[in-house]
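Chemist: One structure, pasted below without further comment.
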Amino acid sequence: MPSESTKPLLEVRGVQQHFHIRAAAGRPAGTLRAVDGVSLTLGAGETLGVVGESGCGKSTLARLIVGLLEPTAGSIHIDGGDIWEPGDAGRERRRNFQMVFQNPSGSMNPRRTVGASVAEPLQARGIRKTDDEVARMLTLVGLNPKMAARMPHQMSGGQQQRASIARALIANPKLVVHDEAVASLDISLQAQILNLLVELQERLGTSYVFISHDLAAVQAISHRVMVMYLGEVVETATAAVFAASPRHPYSIALRNATLLPDPVLENGRSGLVLRGDVPSPMNPPSGCRFRTRCPLAEERCAAGAPPLRDTGGGHLVACHFPDAAQRLARKSAVGTPVEALA
Amino acid sequence: MTSDQATDLPVMETTAAPAAKAWRQGFVADLLRHRGGVFGVAVMGLFVLLAIFGRLVVPYDPNVGELTSTLSGPTWQHLFGTDELGRDTLSRVIDGSRIAVIVALLSVAIAAALGVAIGVTAGYFGGKIDTVLNRSQDVLFAFPTLLLAIIIVAVLGPGLFNAVLAIAIVYTPRFARIARASALSVKTSEYLEAARLAGVTTPAILVRHMLPNVMPSVIVLAALSMSTAQLAYASLSFLGLGVSPPQADWGSMLSKARDFITIAPWLTVWPMAALVALMLAFNVLGDAIRDVMDPRHSSGARPEAAL
Amino acid sequence: MIKLLLARLGAMFAVLLAVSVLVFAMGSMIPGDLTSVIVGQEGATEEQFAKVRADLGLDKPLPVQYVRWLGNALRGDFGTSPITGRNVTADLAQQIPVSVELALLCLLFSTVLGMPAGILAAVHANRRLDVLIRSQLLIAFSVPTFVVGILVLLVGSRVAPDLFRMSFTAWSQDPAAHIRSMVMPLLTITLPITAMTMQMTRSAMLEVLGDPFIVTARASGVRLERIYYLHALRNALPPIITFIGFQFGVMLGGLIVVEQIFSLPGLGRGMLEAISTRDYPMVTATTLVFAVSFVLINALIDMLYPVLDPRQRPR
């Protein structure tokens, strides 16, 4: 259960990650604004789901949060302390994070045993005798402790991912970022792993940032959901509110792209369908970045970017139209799909 | 359940070692199963034995000649004949195998070590270090093999170790290139990110993650380079830039033998045969090692013959 | 396109400069004090040492020495060899023509023989002729030049004793004898290079022959010979030409070996002698000539490439 402490565990303030791309054949120099001003908070034992298409910057955000990348602007705080404070203080703080990666077979050194890989976070802190801990963690994630002697390629994808989770949790981090952690698994396995993650969170109290392009998975385990588009946050809400009434056109479109098992809800949605590709993050559209694909776009959308406003109860939306959801519903009242422009 | 766990724990500590040993056993077994592998290992084994124990089995002292029987043809006493100083050719050919095998192995080992160090550093640290190292390797790489080796020996002076060093320097860029490519692919792998995230220090990362994943392709290249390294040294010693007399050495033996080619052709035939035999053995063994370690290889990865 | 050529020319000069620095640095590292060689071993006084050192300019700092050396080199003055006592440039002038002749003849024959053979092999790919040729190639590749040389000597001493007994005769003295004395060296150096040319031509042609545009040409009824020689060859030419640059480097090594085997008074043998006698000015001079010619030829070929292959030209 999320704890109701007044001070959040994780605070990300206006974080930016700009990559300078040098000019090459057929391509001018430019700045890739992978993450362009993202702020969020997360409490202990809470899960924040981050959702968006490829190229929206969620993987970069993941690496910023765990401290693999240093932001070009903004700051990240854990328990109130800046994780990039120079010297040991910053380094100690960065140790509170861990990550579970997308590709189960790539996330462990193919030439080391699973046990050695899982033990690595402990060994890095100078702990020699790791066998007991490794066995304990493997059992916790549902693997036979004897797997420690195996090599990664001798295990199935699901087992590898469980081992990855064991590795992430073995040093008791306060926060684990899951970067598309279930994307490459079969559907049935996905459900199992998601359940495991929830179970572990209840047991150990770890906070999660769960990043995915799959809204269904995000909804399944998150307490709060955050939607990203082209490096910016467009909507944040609790999972329940987001499921019931998303307010940003992009969120609505994303949700529509996810099939719901309930036919009543499925048929009751506006038929907004997203077409076309995401614009290049090196050259985002002026004003509201989503306007090139939004069916509600008007002049003011090109003129200025909408700020992230609190529309009540912590539900933040960045859209010029507070009633976007209703407008879209009206547009597709007849039931024909409304196509967003490419 | 508890009793299983109790007996399982000690097993885990030792399973890492057997895992490694099983890997090695598998490799040797695969090698022997390969057609060429058996042949290559056998002939190489013969030469290595000769290299180590040659001095014990030679019928005569390779450096001492009987001036009464100079330039005599093959007889039962001297199976390969004698040279201009009365030294037994068979003994000298056997003794020369010491130099040939040691030089090939040593120069390739040094080149591999240097190349891995340079390549991994360039690949892992990137940036300016990478550019500087790359450029220097490209300059070396652009030069023709034998010419570069001769130039290096010109600076260092003739001699066995200098020749080894020259060949090693000439071959280093190849190893650096391949090590750097492997290092780059490891650097972008997720397990490396995980290691950094876990707080593993850079030296530990280099040793535990980089090296084991870089070594396989390096080993393949080393196996393939040994025959050309041996030929490069033979060329150098033929030109007088190798080990100094009276030590028996196939290249310099061939050089001396030119003067007597009409009257004592056996002096050229036997060292040349030994040279070619060792080269073939290295070739076959090298190909076998490559096939076993990298079955998906594209053909033609051997460094060009040293001319 | 002129800009591209000029850029490559500029790069070439930069490389040549770097090469000169490297060669000079290398030469200055050669152990053995030049001064003591000149002054002689017995009872030389400090003053004599100092005077000789000053004469040679060895008392100045290295960069200054380098500039002096480079300036002299550009004027063609490499000084006097302390070992032989002769003027280095004069020696070079005598040695270079021999090597150049060998190199040019080698390139000529290997191209004239190798390219048609390669084309033939490509045209008859995988049939008996090609297989026969390819098996020979494998051997020719693996064997180093000096082994080829010894084999040539061995065979020549039995089969053609006259040629075998020929020692080098200059063209000016006796043209016929000159030709005869060059036969075996040329054979030795040309064989491996011809094999390489043939192999390269064959692969380049095969690659082009596999291209879709050849198939369309055949389908349109173009005659087979026209296809091969006009279309395929033209497109295979650029990689073949660049290969000549690579070949040139390989041939330089072969030159040195061949001159040694057959005692030809060329640049390669001059370099070897200089190395074994620690003749510092001669070593640097010969190395410089080798390095510069290698860089020049490769740069020329680099500049030739856009001319031959329209795809390489800037748009």
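Numbering starts fresh at 1 for the residues of each chain in the structure tokens, the chains themselves are lettered A, B, ... in the order given, and ligands are numbered from 1 as they appear.
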Pick out the residues sitting within 7 Å of region 161-176 of chain A, and hand them over as a ChimeraX atom specification; count only C-alpha atoms, and ignore anything fewer than 2 positions along from it in its own chain.
Modeler: /A:96-100,104,118-119,121-122,137-138,141,157-159,178,206-209
Chemist: Tell me as a PyMOL selection string which residues belonging to chain B come within 6 Å of chain A, counting only C-alpha atoms.
Modeler: chain B and resi 15+190-191+198-200
Chemist: Using N, CA and C atoms, can you export the residues from the last selection as a PDB file, in the first residue's frame?
Modeler:
```
ATOM      1  N   THR B  15      29.899 -25.025  -8.316  1.00  0.00           N
ATOM      2  CA  THR B  15      29.398 -25.236  -9.681  1.00  0.00           C
ATOM      3  C   THR B  15      29.984 -24.250 -10.671  1.00  0.00           C
ATOM      4  N   GLU B 190      22.790  -4.235 -22.369  1.00  0.00           N
ATOM      5  CA  GLU B 190      22.050  -3.885 -21.165  1.00  0.00           C
ATOM      6  C   GLU B 190      22.739  -4.395 -19.913  1.00  0.00           C
ATOM      7  N   TYR B 191      23.447  -5.517 -20.031  1.00  0.00           N
ATOM      8  CA  TYR B 191      24.057  -6.009 -18.799  1.00  0.00           C
ATOM      9  C   TYR B 191      25.179  -5.094 -18.347  1.00  0.00           C
ATOM     10  N   ALA B 198      24.657  -1.091 -10.796  1.00  0.00           N
ATOM     11  CA  ALA B 198      24.914  -1.770  -9.530  1.00  0.00           C
ATOM     12  C   ALA B 198      26.071  -1.131  -8.795  1.00  0.00           C
ATOM     13  N   GLY B 199      26.774  -0.265  -9.480  1.00  0.00           N
ATOM     14  CA  GLY B 199      27.871   0.416  -8.811  1.00  0.00           C
ATOM     15  C   GLY B 199      29.209  -0.275  -9.004  1.00  0.00           C
ATOM     16  N   VAL B 200      29.296  -1.166  -9.979  1.00  0.00           N
ATOM     17  CA  VAL B 200      30.573  -1.834 -10.212  1.00  0.00           C
ATOM     18  C   VAL B 200      31.577  -0.814 -10.722  1.00  0.00           C
TER      19      VAL B 200
END
```
Chemist: Could you list, as a list in words, every residue within 8 Å of region 91-95 of chain B, counting only C-alpha atoms and ignoring same-chain residues fewer than 3 positions away?
Modeler: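 Here the qualifying residues turn out to be Leu50, Ala51, Gly54, Arg55, Val58, Pro59, Tyr60, Asp61, Pro62, Asn63, Arg87, Asp88, Arg98, Ile99, Ala248, Asp249, Trp250, Trp270, Pro271 and Ala274 of chain B.
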Chemist: Could the residues in this selection be written to a file with N, CA and C atoms, as a PDB file, in the first residue's frame?
Modeler:
```pdb
ATOM      1  N   LEU B  50      58.850 -30.987 -30.884  1.00  0.00           N
ATOM      2  CA  LEU B  50      60.193 -30.756 -31.405  1.00  0.00           C
ATOM      3  C   LEU B  50      60.774 -29.469 -30.828  1.00  0.00           C
ATOM      4  N   ALA B  51      59.904 -28.486 -30.732  1.00  0.00           N
ATOM      5  CA  ALA B  51      60.398 -27.210 -30.220  1.00  0.00           C
ATOM      6  C   ALA B  51      60.891 -27.354 -28.786  1.00  0.00           C
ATOM      7  N   GLY B  54      63.461 -30.721 -28.856  1.00  0.00           N
ATOM      8  CA  GLY B  54      64.319 -30.912 -30.008  1.00  0.00           C
ATOM      9  C   GLY B  54      65.755 -31.184 -29.648  1.00  0.00           C
ATOM     10  N   ARG B  55      66.246 -30.369 -28.748  1.00  0.00           N
ATOM     11  CA  ARG B  55      67.653 -30.501 -28.399  1.00  0.00           C
ATOM     12  C   ARG B  55      68.020 -31.880 -27.875  1.00  0.00           C
ATOM     13  N   VAL B  58      68.005 -34.440 -31.221  1.00  0.00           N
ATOM     14  CA  VAL B  58      68.811 -34.236 -32.435  1.00  0.00           C
ATOM     15  C   VAL B  58      69.970 -35.213 -32.477  1.00  0.00           C
ATOM     16  N   PRO B  59      70.197 -35.773 -33.650  1.00  0.00           N
ATOM     17  CA  PRO B  59      71.304 -36.732 -33.768  1.00  0.00           C
ATOM     18  C   PRO B  59      72.665 -36.085 -33.557  1.00  0.00           C
ATOM     19  N   TYR B  60      72.764 -34.799 -33.949  1.00  0.00           N
ATOM     20  CA  TYR B  60      74.056 -34.134 -33.780  1.00  0.00           C
ATOM     21  C   TYR B  60      73.800 -32.757 -33.164  1.00  0.00           C
ATOM     22  N   ASP B  61      74.853 -32.165 -32.653  1.00  0.00           N
ATOM     23  CA  ASP B  61      74.699 -30.794 -32.155  1.00  0.00           C
ATOM     24  C   ASP B  61      74.468 -29.863 -33.351  1.00  0.00           C
ATOM     25  N   PRO B  62      73.388 -29.115 -33.351  1.00  0.00           N
ATOM     26  CA  PRO B  62      73.078 -28.310 -34.533  1.00  0.00           C
ATOM     27  C   PRO B  62      74.105 -27.230 -34.830  1.00  0.00           C
ATOM     28  N   ASN B  63      74.866 -26.841 -33.844  1.00  0.00           N
ATOM     29  CA  ASN B  63      75.776 -25.741 -34.097  1.00  0.00           C
ATOM     30  C   ASN B  63      77.221 -26.178 -34.298  1.00  0.00           C
ATOM     31  N   ARG B  87      77.686 -28.999 -40.574  1.00  0.00           N
ATOM     32  CA  ARG B  87      76.644 -29.227 -39.577  1.00  0.00           C
ATOM     33  C   ARG B  87      75.532 -30.070 -40.183  1.00  0.00           C
ATOM     34  N   ASP B  88      74.938 -30.914 -39.367  1.00  0.00           N
ATOM     35  CA  ASP B  88      73.891 -31.806 -39.831  1.00  0.00           C
ATOM     36  C   ASP B  88      72.610 -31.021 -40.097  1.00  0.00           C
ATOM     37  N   ARG B  98      62.251 -24.680 -33.052  1.00  0.00           N
ATOM     38  CA  ARG B  98      62.096 -23.973 -31.791  1.00  0.00           C
ATOM     39  C   ARG B  98      61.795 -22.496 -32.036  1.00  0.00           C
ATOM     40  N   ILE B  99      62.674 -21.895 -32.834  1.00  0.00           N
ATOM     41  CA  ILE B  99      62.528 -20.469 -33.126  1.00  0.00           C
ATOM     42  C   ILE B  99      61.200 -20.208 -33.821  1.00  0.00           C
ATOM     43  N   ALA B 248      70.422 -22.030 -35.365  1.00  0.00           N
ATOM     44  CA  ALA B 248      69.734 -22.544 -36.548  1.00  0.00           C
ATOM     45  C   ALA B 248      68.385 -21.868 -36.696  1.00  0.00           C
ATOM     46  N   ASP B 249      68.088 -21.420 -37.898  1.00  0.00           N
ATOM     47  CA  ASP B 249      66.860 -20.674 -38.125  1.00  0.00           C
ATOM     48  C   ASP B 249      66.508 -20.838 -39.591  1.00  0.00           C
ATOM     49  N   TRP B 250      65.297 -21.308 -39.875  1.00  0.00           N
ATOM     50  CA  TRP B 250      64.974 -21.689 -41.240  1.00  0.00           C
ATOM     51  C   TRP B 250      65.209 -20.578 -42.266  1.00  0.00           C
ATOM     52  N   TRP B 270      64.969 -28.962 -47.493  1.00  0.00           N
ATOM     53  CA  TRP B 270      64.440 -29.362 -46.197  1.00  0.00           C
ATOM     54  C   TRP B 270      63.944 -28.219 -45.331  1.00  0.00           C
ATOM     55  N   PRO B 271      64.684 -27.122 -45.197  1.00  0.00           N
ATOM     56  CA  PRO B 271      64.113 -26.011 -44.410  1.00  0.00           C
ATOM     57  C   PRO B 271      62.816 -25.497 -45.025  1.00  0.00           C
ATOM     58  N   ALA B 274      60.015 -27.783 -44.185  1.00  0.00           N
ATOM     59  CA  ALA B 274      59.606 -27.598 -42.791  1.00  0.00           C
ATOM     60  C   ALA B 274      58.749 -26.339 -42.649  1.00  0.00           C
TER      61      ALA B 274
END
```
Chemist: Could you please determine the separation between CA of Val132 (chain B) and CA of Ala299 (chain C) in Å, to one decimal place?
Modeler: 22.0 Å
Chemist: Residues within 8 Å of region 249-260 of chain C, please, as a PyMOL selection string. Count only C-alpha atoms; anything in the same chain fewer than 4 positions from it doesn't count.
Modeler: (chain B and resi 143-147+235+239+307) or (chain C and resi 99+102-103+145-146+149+185+188-189+193+245+264-269+272+290+294)
Chemist: Report as a tab-separated table the residues of chain B within 10 Å of chain C, each with its shortest atom pair and distance in Å (one decimal), using only C-alpha atoms, ordered by chain and increasing residue number.
Modeler:
```
residue	atom	partner	partner_atom	distance
B:Val139	CA	C:Val15	CA	9.4
B:Ala142	CA	C:Phe246	CA	8.9
B:Phe143	CA	C:Gly249	CA	7.0
B:Pro144	CA	C:Gly249	CA	4.9
B:Thr145	CA	C:Val250	CA	7.4
B:Leu146	CA	C:Gly253	CA	5.2
B:Leu147	CA	C:Gly253	CA	5.1
B:Leu148	CA	C:Gly253	CA	8.7
B:Ala149	CA	C:Gly253	CA	9.5
B:Ile150	CA	C:Leu272	CA	8.4
B:Ile151	CA	C:Thr287	CA	7.2
B:Ile152	CA	C:Met26	CA	8.4
B:Val153	CA	C:Ile275	CA	8.3
B:Ala154	CA	C:Ile275	CA	5.4
B:Val155	CA	C:Ile30	CA	5.1
B:Leu156	CA	C:Ile30	CA	6.9
B:Gly157	CA	C:Ile275	CA	7.6
B:Pro158	CA	C:Ser276	CA	7.4
B:Ser227	CA	C:Ser142	CA	9.2
B:Thr228	CA	C:Ser142	CA	8.3
B:Leu231	CA	C:Pro144	CA	6.8
B:Ala232	CA	C:Pro144	CA	8.1
B:Ala234	CA	C:Phe146	CA	8.9
B:Ser235	CA	C:Phe146	CA	6.7
B:Leu236	CA	C:Val257	CA	9.2
B:Phe238	CA	C:Phe146	CA	7.7
B:Leu239	CA	C:Val257	CA	7.0
B:Gly240	CA	C:Ser276	CA	8.1
B:Leu241	CA	C:Ser276	CA	7.9
B:Gly251	CA	C:Phe146	CA	9.1
B:Leu254	CA	C:Ile150	CA	8.0
B:Ser255	CA	C:Ile261	CA	7.8
B:Ala257	CA	C:Ile150	CA	9.2
B:Arg258	CA	C:Ile150	CA	7.4
B:Ile261	CA	C:Leu154	CA	6.6
B:Thr262	CA	C:Ser157	CA	6.3
B:Ile263	CA	C:Ser157	CA	10.0
B:Pro265	CA	C:Leu154	CA	7.3
B:Thr268	CA	C:Ile150	CA	7.6
B:Val269	CA	C:Leu154	CA	9.0
B:Met272	CA	C:Val147	CA	7.3
B:Leu275	CA	C:Val147	CA	9.3
B:Val276	CA	C:Val143	CA	7.9
B:Met279	CA	C:Ser142	CA	8.6
B:Leu280	CA	C:Ser142	CA	9.1
B:Asn283	CA	C:Ser142	CA	9.5
B:Glu304	CA	C:Phe141	CA	8.3
B:Ala305	CA	C:Ser142	CA	5.8
B:Ala306	CA	C:Pro144	CA	6.1
B:Leu307	CA	C:Pro144	CA	4.6
```
Chemist: Identify, on the basis of only C-alpha atoms, every residue whose closest approach to Gly119 (chain B) does not exceed 9 Å; exclude the query and any residue fewer than 3 positions from it along the same chain; express the result as a ChimeraX atom specification.
Modeler: /B:114-116,122-124,130,133-134,173,175-183
Chemist: Calculate how many Å separate CA of Gly43 (chain A) from CA of Ala62 (chain A), rounding to one decimal.
Modeler: 16.7 Å
Chemist: May I have all residues of region 124-249 of chain B that DSSP, computed from the backbone, assigns to helix (DSSP H, G or I), given as number ranges by chain?
Modeler: B: 124-125, 127-142, 145-156, 160-187, 190-198, 202-238
Chemist: Between CA of Ala195 (chain C) and CA of Ala112 (chain B), what is the distance, to one decimal in Å?
Modeler: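 Atom-to-atom, CA of Ala195 (chain C) and CA of Ala112 (chain B) are spaced 29.8 Å apart.
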